[in-house]
Every structure is written in structure tokens, then in C-alpha cells.
Amino acid sequence: MNTPRARAMLFMGRRSHQSHAPHKHSPPAVANDLVISTVDENSGIAMLTMNRPPANSLSLEMNEALCYSLKTVEANPKIQSVILSSTNPKIFSAGLDITELVAPDNDRLPRFWNSLQQVYIDLYGSRLATVAAIQGHAPAAGCFLAMSCDYRVMSEGDTNNDIKKKHVPTIGLNETQLGIAAPPWMGQLLVRTIGFRQAELALALGTLFPPEQALSIGLVDDIVPHQQVESGDHKLVDLLPSQIKDQAQNSLLQKAYTQAQIYAKIPPQARVASKMVTREEHIFRMIAKRDEDTQHFCGFVTQKAVQKNLTAYVEALKNKSAKK
Ligand SMILES: CCCCCCCCCC/C=C/CC(=O)SCCNC(=O)CCNC(=O)[C@H](O)C(C)(C)COP(=O)(O)OP(=O)(O)OC[C@H]1O[C@@H](n2cnc3c(N)ncnc32)[C@H](O)[C@@H]1OP(=O)(O)O
């Protein structure tokens with residue numbers, strides 16, 4: 001697998017083991033309900049908007065939808081950059097769908113983990129320049145999604161004095177707070193993003209960072225104030241489906257779009273080659289340990305004590321939500 005040809009294929013978006021290759025004539029607009037795909041061939045920029053209420057948590061189907069949508073956009077040679085965003089103004093992604101882990105089906109559990117691994121391989125190794133527009137919370141695998149992109153812009157949130165309206169998003173790998181550990185490849189992604197010591201601290205403590213702190217340690221590349229702008233000065237907004245058009249008129253997406261434009265102007269071969277320099281080793285190391293990683297995950301999750309904790313955690317989440 002780790003041959004020059006395999007490496008090149010990885011970054012050109014063609015994989016022999018891909019089970020969900022995009023249909024040749026896939027429509028450029030809405031690929032599926034879970035991920036809304038918007039394509040603007042004139043600018044070379046596309047947007048994938050995660051749309052799995054209530055929290056964009058990552059189920060097997062959501063992971064497959066993310067890979068499918070990304071592959072479909074990648075197959076369009078006119079597209080150079082993609083923005084990853086969310087229809088939920090307060091949640092980018094809540095990470096893994098915890099319900100996938102509770103009383104799991106023996107057949108589905110390894111398929112679920114494989115689908116998450118595939119998101120990592122496809123997104124981190126995409127030929128496209130990828131920009132995460134993080135409008136809301138991004139805990140655990142939500143943070144992993146953002147870290148798999150090339151650039152992260154985060155909203156400062158609504159720091160309104162009215163406590164009811166106040167909303168400050170956070171981002172980080174908080175797994176240890178839940179009594180679990182992030183898988184090695186996910187943890188190492190944090191090391192690659194914010195450096196060894198900061199990652200060591202953040203992983204051990206399960207820290208969730210508010211936007212300014214996330215910027216100061218390099219977990220995000222830019223933060224923008226929460227504000228609506230009068231009208232989008234980019235064509236992509238005009239193309240968005242009505243359900244997300246209004247919330248797209250904000251400073252976060254403007255900023256993400258500007259960054260996507262900057263990337264789209266770089267000669268693609270050179271941009272992709274430079275991405276290979278920093279990422280291919282990490283991706284191939286993960287692929288080599290993929291089966292072992294899946295076995296480890298399934299063995300861990302199905303332990304009695306872990307099941308007990310996860311059941312209690314899901315219950316607590318539901319109770320919290322019911323009390324609102
Ligand atoms: C060598 C070692 C190898 C071993 C490998 C083993 C590793 C094990 C796995 C490790 C990987 C883990 C990665 C993960 O991603 S774990 C998931 C972590 N995610 C969370 O803990 C987030 C939980 N959610 C929240 O904290 C909050 O919901 C929020 C995202 C901060 C948003 O808060 P807000 O107040 O706005 O919203 P609510 O809390 O009211 O939630 C709204 C509804 O969404 C449901 N929800 C939220 N998160 C999830 C989730 N992750 N999965 C499923 N469902 C979720 C919540 O229940 C509410 O639903 P309801 O209204 O229908 O009740």
C-alpha cells in the first residue's frame with residue numbers, strides 16, 4: 001500500500017478500496033440529507049454543510065455521508081477548496097454518536113469505527129483545500145473533524161450580556177473527561193496541530209478550549225466575532241439552499257470563504273504535493289494499524305464497565321436536554 005503510486009492515489013482522491021465511490025453523474029447540489037453539498041464551479045469552491053439534527057453527531061451513516069459528499073466534490077476537477085460547516089448555529093459536531101456505542105450490534109460496531117477511520121483518511125488526505133467553519137461546539141470527534149481540515153476558523157460565539165442568549169462554543173479532545181481515551185491517531189492529530197506539550201496537557205485533562213484560547217495555542221487559525229453581515233459578497237451564499245442561506249450570511253462563513261479563495265489560487269499540484277509532505281506518513285501509519293485499531297476499539301467499548309459508563313452518560317445527556 002505504501003508505494004509512490006498508492007501515495008499519489010491517496011492524495012488524488014482515488015482509492016481502490018473505496019466502497020462508496022461517487023456516482024459519475026452525481027448532481028452538484030444536494031448529495032444527501034445528512035450533508036448538504038453546494039458547489040460553485042466559477043470560484044472553484046464548494047461547501048459541505050453537516051445536517052444531522054440535533055447535534056451533527058457522527059453515526060455510521062453520517063460518516064459515510066461525509067465521505068460520499070467529499071468524494072463527489074473531489075471528483076469535480078473545477079473544485080479546489082471546500083468549506084466544512086454545520087446547519088446548527090450552536091454545534092459544529094458533538095463528536096461520535098454515543099448511541100452507536102451503547103449495547104452495540106456486533107456487526108455494526110466495527111463498520112461504524114471503520115467509517116470514522118475512513119473520514120480521517122479521506123478528509124485529512126483530501127486533494128482539496130479544506131476549511132472548517134466552526135460556528136458552535138466541537139468536542140471530541142467534532143474537534144477531530146476540524147483538525148482533519150487544512151484551516152480552521154471559529155466563531156467567538158454570542159457574548160451577549162443577556163445570559164439566555166450567551167453562547168460561547170468550545171473545541172477540544174475531551175475524551176478523558178468521559179473516562180475514555182482518544183484513539184492514538186486522533187490524539188496524534190492534536191500533537192501535530194498544537195505541539196507536543198500543549199497536546200499532552202490538553203489530552204490528559206480533556207480540555208475544551210473557548211475560541212480565544214483555541215487561537216492562542218494554534219488549535220484554530222482564526223476567530224471572528226459573532227455578527228450578521230448585510231449580504232454575502234460571495235457567490236456561494238447565493239447558491240445555498242434556503243434552509244441554511246440566512247445563517248450563512250455571517251462573518252464566519254465570509255472569513256472561511258476568503259481563506260478558501262486564497263487556497264484555490266495556489267497551483268493545485270504544488271499545494272497537494274506540500275500536503276503530502278506533512279500528512280502522508282501519518283495517514284499510512286494509521287492505515288497499517290487500521291484493523292488492530294478497530295479490534296482495540298470494539299474490545300474496549302464492549303467491556304461491561306465501559307458499557308455501564310456510556311449508558312449513564314447517554315442518560316445524563318438526555319436528562320440535561322429534557323430539562324431545558
Ligand atoms: C489505545 C486506545 C484505543 C482505544 C479506543 C477506544 C476509544 C473509544 C472512543 C474514543 C473516541 C471518542 C470520540 C468521541 O467523539 S466521544 C463523543 C464525545 N462527545 C461528547 O461527549 C459531546 C456530548 N454532547 C455535549 O457535550 C453537548 O451536547 C454539546 C455538544 C456541548 C451541545 O450542548 P447543547 O446544550 O447545545 O445541546 P444538548 O446537550 O442539549 O444536546 C442536544 C441533543 O443532542 C444529543 N447529543 C449531544 N451530543 C451527542 C452525542 N455525542 N451523541 C448522540 N447524541 C448527542 C443530546 O442527547 C440531545 O438530544 P435530545 O434533545 O434528543 O435529548
# chains A, B, ... in the order shown; residues from 1 in each chain; ligands from 1
$ residues_near_ligand --ligand "ligand 1" --cutoff "7 Å" --atoms "only C-alpha atoms and all ligand atoms" --output "MDAnalysis selection string"
chainID A and resid 54:55 57 90:91 93:99 137:142 175 178 180:184 293 296:297 300:301 314 317:322
$ select_by_dssp --residues "region 143-324 of chain A" --states "strand (DSSP E or B)" --output "list of chain:residue names"
A:Tyr151, A:Arg152, A:Val153, A:Met154, A:Ser155, A:Asp158, A:His167, A:Ile171, A:Gly172, A:Phe209, A:Asp222, A:Ile223, A:Val224, A:Gln228, A:Asn250
$ write_last_selection --atoms "N, CA and C atoms" --output "mmCIF file, in the first residue's frame"
data_model
loop_
_atom_site.group_PDB
_atom_site.id
_atom_site.type_symbol
_atom_site.label_atom_id
_atom_site.label_comp_id
_atom_site.auth_asym_id
_atom_site.auth_seq_id
_atom_site.Cartn_x
_atom_site.Cartn_y
_atom_site.Cartn_z
ATOM 1 N N TYR A 151 -7.479 24.294 7.480
ATOM 2 C CA TYR A 151 -7.562 25.619 8.116
ATOM 3 C C TYR A 151 -8.841 25.661 8.942
ATOM 4 N N ARG A 152 -8.753 26.285 10.111
ATOM 5 C CA ARG A 152 -9.916 26.347 10.998
ATOM 6 C C ARG A 152 -10.245 27.782 11.374
ATOM 7 N N VAL A 153 -11.479 28.178 11.091
ATOM 8 C CA VAL A 153 -11.963 29.490 11.521
ATOM 9 C C VAL A 153 -13.077 29.228 12.526
ATOM 10 N N MET A 154 -13.021 29.924 13.670
ATOM 11 C CA MET A 154 -14.034 29.670 14.709
ATOM 12 C C MET A 154 -14.762 30.953 15.073
ATOM 13 N N SER A 155 -16.032 30.818 15.325
ATOM 14 C CA SER A 155 -16.808 31.982 15.773
ATOM 15 C C SER A 155 -16.535 32.220 17.252
ATOM 16 N N ASP A 158 -21.762 34.099 20.730
ATOM 17 C CA ASP A 158 -22.582 35.256 21.060
ATOM 18 C C ASP A 158 -22.320 35.616 22.512
ATOM 19 N N HIS A 167 -23.679 32.465 24.198
ATOM 20 C CA HIS A 167 -23.265 31.151 23.702
ATOM 21 C C HIS A 167 -21.792 31.229 23.299
ATOM 22 N N ILE A 171 -13.914 23.890 21.842
ATOM 23 C CA ILE A 171 -13.337 22.859 20.961
ATOM 24 C C ILE A 171 -12.220 22.124 21.707
ATOM 25 N N GLY A 172 -12.118 20.819 21.494
ATOM 26 C CA GLY A 172 -11.021 20.070 22.103
ATOM 27 C C GLY A 172 -11.317 18.584 22.142
ATOM 28 N N PHE A 209 -11.485 24.110 24.776
ATOM 29 C CA PHE A 209 -10.992 25.478 24.723
ATOM 30 C C PHE A 209 -12.035 26.436 24.139
ATOM 31 N N ASP A 222 -7.971 31.160 13.159
ATOM 32 C CA ASP A 222 -8.558 32.496 13.153
ATOM 33 C C ASP A 222 -9.858 32.450 13.942
ATOM 34 N N ILE A 223 -10.195 33.565 14.577
ATOM 35 C CA ILE A 223 -11.520 33.649 15.199
ATOM 36 C C ILE A 223 -12.206 34.900 14.678
ATOM 37 N N VAL A 224 -13.525 34.848 14.614
ATOM 38 C CA VAL A 224 -14.264 36.016 14.107
ATOM 39 C C VAL A 224 -15.408 36.329 15.058
ATOM 40 N N GLN A 228 -23.916 39.215 12.129
ATOM 41 C CA GLN A 228 -24.527 39.030 10.824
ATOM 42 C C GLN A 228 -23.998 40.129 9.904
ATOM 43 N N ASN A 250 -23.021 35.306 7.497
ATOM 44 C CA ASN A 250 -22.325 35.783 8.691
ATOM 45 C C ASN A 250 -20.823 35.871 8.466
#
$ atom_distance --atom1 "CA of Leu145 (chain A)" --atom2 "CA of Asn42 (chain A)"
26.7 Å
$ residues_around --residues "Leu236 (chain A)" --least-positions-apart "6" --cutoff "12 Å" --atoms "only C-alpha atoms" --output "ChimeraX atom specification"
/A:29,37-48,81-83,244-245,248-249,253-254,256-258,260-261
$ write_last_selection --atoms "C-alpha atoms" --output "PDB file, in the first residue's frame"
ATOM      1  CA  ALA A  29     -26.374  20.315  -5.424  1.00  0.00           C
ATOM      2  CA  SER A  37     -23.363  19.896  -0.717  1.00  0.00           C
ATOM      3  CA  THR A  38     -23.171  23.223  -2.534  1.00  0.00           C
ATOM      4  CA  VAL A  39     -20.835  23.638  -5.483  1.00  0.00           C
ATOM      5  CA  ASP A  40     -19.703  26.852  -7.182  1.00  0.00           C
ATOM      6  CA  GLU A  41     -17.613  25.929 -10.190  1.00  0.00           C
ATOM      7  CA  ASN A  42     -16.923  29.591 -11.029  1.00  0.00           C
ATOM      8  CA  SER A  43     -14.996  30.196  -7.853  1.00  0.00           C
ATOM      9  CA  GLY A  44     -13.746  26.599  -7.533  1.00  0.00           C
ATOM     10  CA  ILE A  45     -15.204  26.474  -4.019  1.00  0.00           C
ATOM     11  CA  ALA A  46     -17.732  24.044  -2.543  1.00  0.00           C
ATOM     12  CA  MET A  47     -19.393  23.830   0.829  1.00  0.00           C
ATOM     13  CA  LEU A  48     -20.360  20.707   2.765  1.00  0.00           C
ATOM     14  CA  SER A  81     -11.434  24.216  -1.998  1.00  0.00           C
ATOM     15  CA  VAL A  82     -14.187  23.013   0.275  1.00  0.00           C
ATOM     16  CA  ILE A  83     -15.666  24.581   3.398  1.00  0.00           C
ATOM     17  CA  ILE A 244     -29.005  27.480   5.506  1.00  0.00           C
ATOM     18  CA  LYS A 245     -28.862  30.671   3.455  1.00  0.00           C
ATOM     19  CA  ALA A 248     -24.638  31.693   6.014  1.00  0.00           C
ATOM     20  CA  GLN A 249     -24.769  35.479   5.873  1.00  0.00           C
ATOM     21  CA  LEU A 253     -18.518  31.995   6.503  1.00  0.00           C
ATOM     22  CA  GLN A 254     -17.209  35.162   4.873  1.00  0.00           C
ATOM     23  CA  ALA A 256     -13.885  30.820   5.589  1.00  0.00           C
ATOM     24  CA  TYR A 257     -14.749  31.715   2.027  1.00  0.00           C
ATOM     25  CA  THR A 258     -11.883  34.242   1.805  1.00  0.00           C
ATOM     26  CA  ALA A 260     -10.897  29.035   0.572  1.00  0.00           C
ATOM     27  CA  GLN A 261     -10.298  31.575  -2.218  1.00  0.00           C
TER      28      GLN A 261
END
$ closest_residue --among "A:Leu116, A:Ala132, A:Cys149, A:Met286" --to "Met50 (chain A)" --atoms "only C-alpha atoms"
A:Ala132
$ atom_distance --atom1 "CA of Ala288 (chain A)" --atom2 "CA of Val272 (chain A)"
22.1 Å
$ select_by_dssp --residues "region 72-320 of chain A" --states "alpha helix (DSSP H)" --output "MDAnalysis selection string"
chainID A and resid 72:74 108:124 141:147 184:194 196:205 211:216 235:239 242:248 251:264 268:288 290:301 304:320
$ closest_residue --among "A:Thr159, A:Gln198, A:Thr130, A:Asn63" --to "Ala146 (chain A)" --atoms "only C-alpha atoms"
A:Thr130
$ decode --residues "region 127-219 of chain A" --atoms "C-alpha atoms" --output "PDB file, in the first residue's frame"
ATOM      1  CA  ARG A 127      -6.697  16.718  -2.659  1.00  0.00           C
ATOM      2  CA  LEU A 128      -8.951  19.692  -1.871  1.00  0.00           C
ATOM      3  CA  ALA A 129      -8.005  22.565   0.383  1.00  0.00           C
ATOM      4  CA  THR A 130     -10.340  22.129   3.344  1.00  0.00           C
ATOM      5  CA  VAL A 131     -11.528  24.934   5.601  1.00  0.00           C
ATOM      6  CA  ALA A 132     -13.566  24.247   8.748  1.00  0.00           C
ATOM      7  CA  ALA A 133     -16.078  26.960   9.645  1.00  0.00           C
ATOM      8  CA  ILE A 134     -16.685  26.264  13.332  1.00  0.00           C
ATOM      9  CA  GLN A 135     -19.756  28.138  14.412  1.00  0.00           C
ATOM     10  CA  GLY A 136     -20.528  26.084  17.512  1.00  0.00           C
ATOM     11  CA  HIS A 137     -19.239  23.392  19.848  1.00  0.00           C
ATOM     12  CA  ALA A 138     -16.698  20.897  18.531  1.00  0.00           C
ATOM     13  CA  PRO A 139     -15.935  18.368  21.297  1.00  0.00           C
ATOM     14  CA  ALA A 140     -14.039  15.097  20.778  1.00  0.00           C
ATOM     15  CA  ALA A 141     -14.552  13.758  17.251  1.00  0.00           C
ATOM     16  CA  GLY A 142     -16.064  17.169  16.383  1.00  0.00           C
ATOM     17  CA  CYS A 143     -12.625  18.622  17.097  1.00  0.00           C
ATOM     18  CA  PHE A 144     -11.094  15.735  15.137  1.00  0.00           C
ATOM     19  CA  LEU A 145     -13.164  16.703  12.084  1.00  0.00           C
ATOM     20  CA  ALA A 146     -11.914  20.291  12.315  1.00  0.00           C
ATOM     21  CA  MET A 147      -8.306  19.150  12.825  1.00  0.00           C
ATOM     22  CA  SER A 148      -8.545  16.990   9.705  1.00  0.00           C
ATOM     23  CA  CYS A 149      -9.083  20.159   7.680  1.00  0.00           C
ATOM     24  CA  ASP A 150      -6.308  22.461   6.428  1.00  0.00           C
ATOM     25  CA  TYR A 151      -7.562  25.619   8.116  1.00  0.00           C
ATOM     26  CA  ARG A 152      -9.916  26.347  10.998  1.00  0.00           C
ATOM     27  CA  VAL A 153     -11.963  29.490  11.521  1.00  0.00           C
ATOM     28  CA  MET A 154     -14.034  29.670  14.709  1.00  0.00           C
ATOM     29  CA  SER A 155     -16.808  31.982  15.773  1.00  0.00           C
ATOM     30  CA  GLU A 156     -16.270  33.823  19.073  1.00  0.00           C
ATOM     31  CA  GLY A 157     -19.883  32.979  19.818  1.00  0.00           C
ATOM     32  CA  ASP A 158     -22.582  35.256  21.060  1.00  0.00           C
ATOM     33  CA  THR A 159     -21.144  37.039  24.086  1.00  0.00           C
ATOM     34  CA  ASN A 160     -24.391  38.924  24.556  1.00  0.00           C
ATOM     35  CA  ASN A 161     -24.939  40.276  28.083  1.00  0.00           C
ATOM     36  CA  ASP A 162     -28.287  38.547  28.165  1.00  0.00           C
ATOM     37  CA  ILE A 163     -27.316  35.279  29.825  1.00  0.00           C
ATOM     38  CA  LYS A 164     -30.056  33.406  27.956  1.00  0.00           C
ATOM     39  CA  LYS A 165     -28.621  34.379  24.607  1.00  0.00           C
ATOM     40  CA  LYS A 166     -24.996  33.943  25.588  1.00  0.00           C
ATOM     41  CA  HIS A 167     -23.265  31.151  23.702  1.00  0.00           C
ATOM     42  CA  VAL A 168     -19.533  30.523  23.705  1.00  0.00           C
ATOM     43  CA  PRO A 169     -18.509  27.489  21.655  1.00  0.00           C
ATOM     44  CA  THR A 170     -15.659  25.249  22.764  1.00  0.00           C
ATOM     45  CA  ILE A 171     -13.337  22.859  20.961  1.00  0.00           C
ATOM     46  CA  GLY A 172     -11.021  20.070  22.103  1.00  0.00           C
ATOM     47  CA  LEU A 173     -10.475  16.364  22.656  1.00  0.00           C
ATOM     48  CA  ASN A 174     -12.339  15.935  25.940  1.00  0.00           C
ATOM     49  CA  GLU A 175     -12.443  12.131  25.947  1.00  0.00           C
ATOM     50  CA  THR A 176     -10.632  11.670  29.271  1.00  0.00           C
ATOM     51  CA  GLN A 177     -13.418  13.654  30.937  1.00  0.00           C
ATOM     52  CA  LEU A 178     -15.734  10.885  29.750  1.00  0.00           C
ATOM     53  CA  GLY A 179     -13.476   8.131  31.073  1.00  0.00           C
ATOM     54  CA  ILE A 180     -12.254   7.095  27.631  1.00  0.00           C
ATOM     55  CA  ALA A 181      -9.096   7.870  25.682  1.00  0.00           C
ATOM     56  CA  ALA A 182      -8.959   9.291  22.180  1.00  0.00           C
ATOM     57  CA  PRO A 183      -7.605   6.686  19.748  1.00  0.00           C
ATOM     58  CA  PRO A 184      -3.882   7.123  19.007  1.00  0.00           C
ATOM     59  CA  TRP A 185      -4.327   8.604  15.532  1.00  0.00           C
ATOM     60  CA  MET A 186      -6.790  11.174  16.841  1.00  0.00           C
ATOM     61  CA  GLY A 187      -4.564  12.119  19.758  1.00  0.00           C
ATOM     62  CA  GLN A 188      -1.573  12.401  17.457  1.00  0.00           C
ATOM     63  CA  LEU A 189      -3.548  14.739  15.234  1.00  0.00           C
ATOM     64  CA  LEU A 190      -3.757  17.069  18.219  1.00  0.00           C
ATOM     65  CA  VAL A 191       0.005  16.783  18.750  1.00  0.00           C
ATOM     66  CA  ARG A 192       0.518  17.679  15.083  1.00  0.00           C
ATOM     67  CA  THR A 193      -1.833  20.629  15.398  1.00  0.00           C
ATOM     68  CA  ILE A 194      -0.841  22.295  18.671  1.00  0.00           C
ATOM     69  CA  GLY A 195       2.545  20.751  19.520  1.00  0.00           C
ATOM     70  CA  PHE A 196       3.667  18.125  21.991  1.00  0.00           C
ATOM     71  CA  ARG A 197       3.425  19.815  25.384  1.00  0.00           C
ATOM     72  CA  GLN A 198       0.145  21.613  24.788  1.00  0.00           C
ATOM     73  CA  ALA A 199      -1.348  18.383  23.410  1.00  0.00           C
ATOM     74  CA  GLU A 200      -0.039  16.341  26.322  1.00  0.00           C
ATOM     75  CA  LEU A 201      -1.740  18.712  28.751  1.00  0.00           C
ATOM     76  CA  ALA A 202      -4.946  19.012  26.753  1.00  0.00           C
ATOM     77  CA  LEU A 203      -5.291  15.249  26.228  1.00  0.00           C
ATOM     78  CA  ALA A 204      -4.696  14.361  29.871  1.00  0.00           C
ATOM     79  CA  LEU A 205      -7.104  16.991  31.167  1.00  0.00           C
ATOM     80  CA  GLY A 206      -9.649  16.640  28.362  1.00  0.00           C
ATOM     81  CA  THR A 207      -9.644  20.404  27.921  1.00  0.00           C
ATOM     82  CA  LEU A 208     -12.327  22.117  25.893  1.00  0.00           C
ATOM     83  CA  PHE A 209     -10.992  25.478  24.723  1.00  0.00           C
ATOM     84  CA  PRO A 210     -13.076  28.612  24.171  1.00  0.00           C
ATOM     85  CA  PRO A 211     -12.243  30.436  20.903  1.00  0.00           C
ATOM     86  CA  GLU A 212      -9.566  32.853  22.172  1.00  0.00           C
ATOM     87  CA  GLN A 213      -7.634  30.119  23.955  1.00  0.00           C
ATOM     88  CA  ALA A 214      -8.008  27.811  20.968  1.00  0.00           C
ATOM     89  CA  LEU A 215      -6.453  30.558  18.840  1.00  0.00           C
ATOM     90  CA  SER A 216      -3.617  31.184  21.276  1.00  0.00           C
ATOM     91  CA  ILE A 217      -2.494  27.518  21.240  1.00  0.00           C
ATOM     92  CA  GLY A 218      -2.982  27.154  17.474  1.00  0.00           C
ATOM     93  CA  LEU A 219      -5.945  24.778  17.639  1.00  0.00           C
TER      94      LEU A 219
END
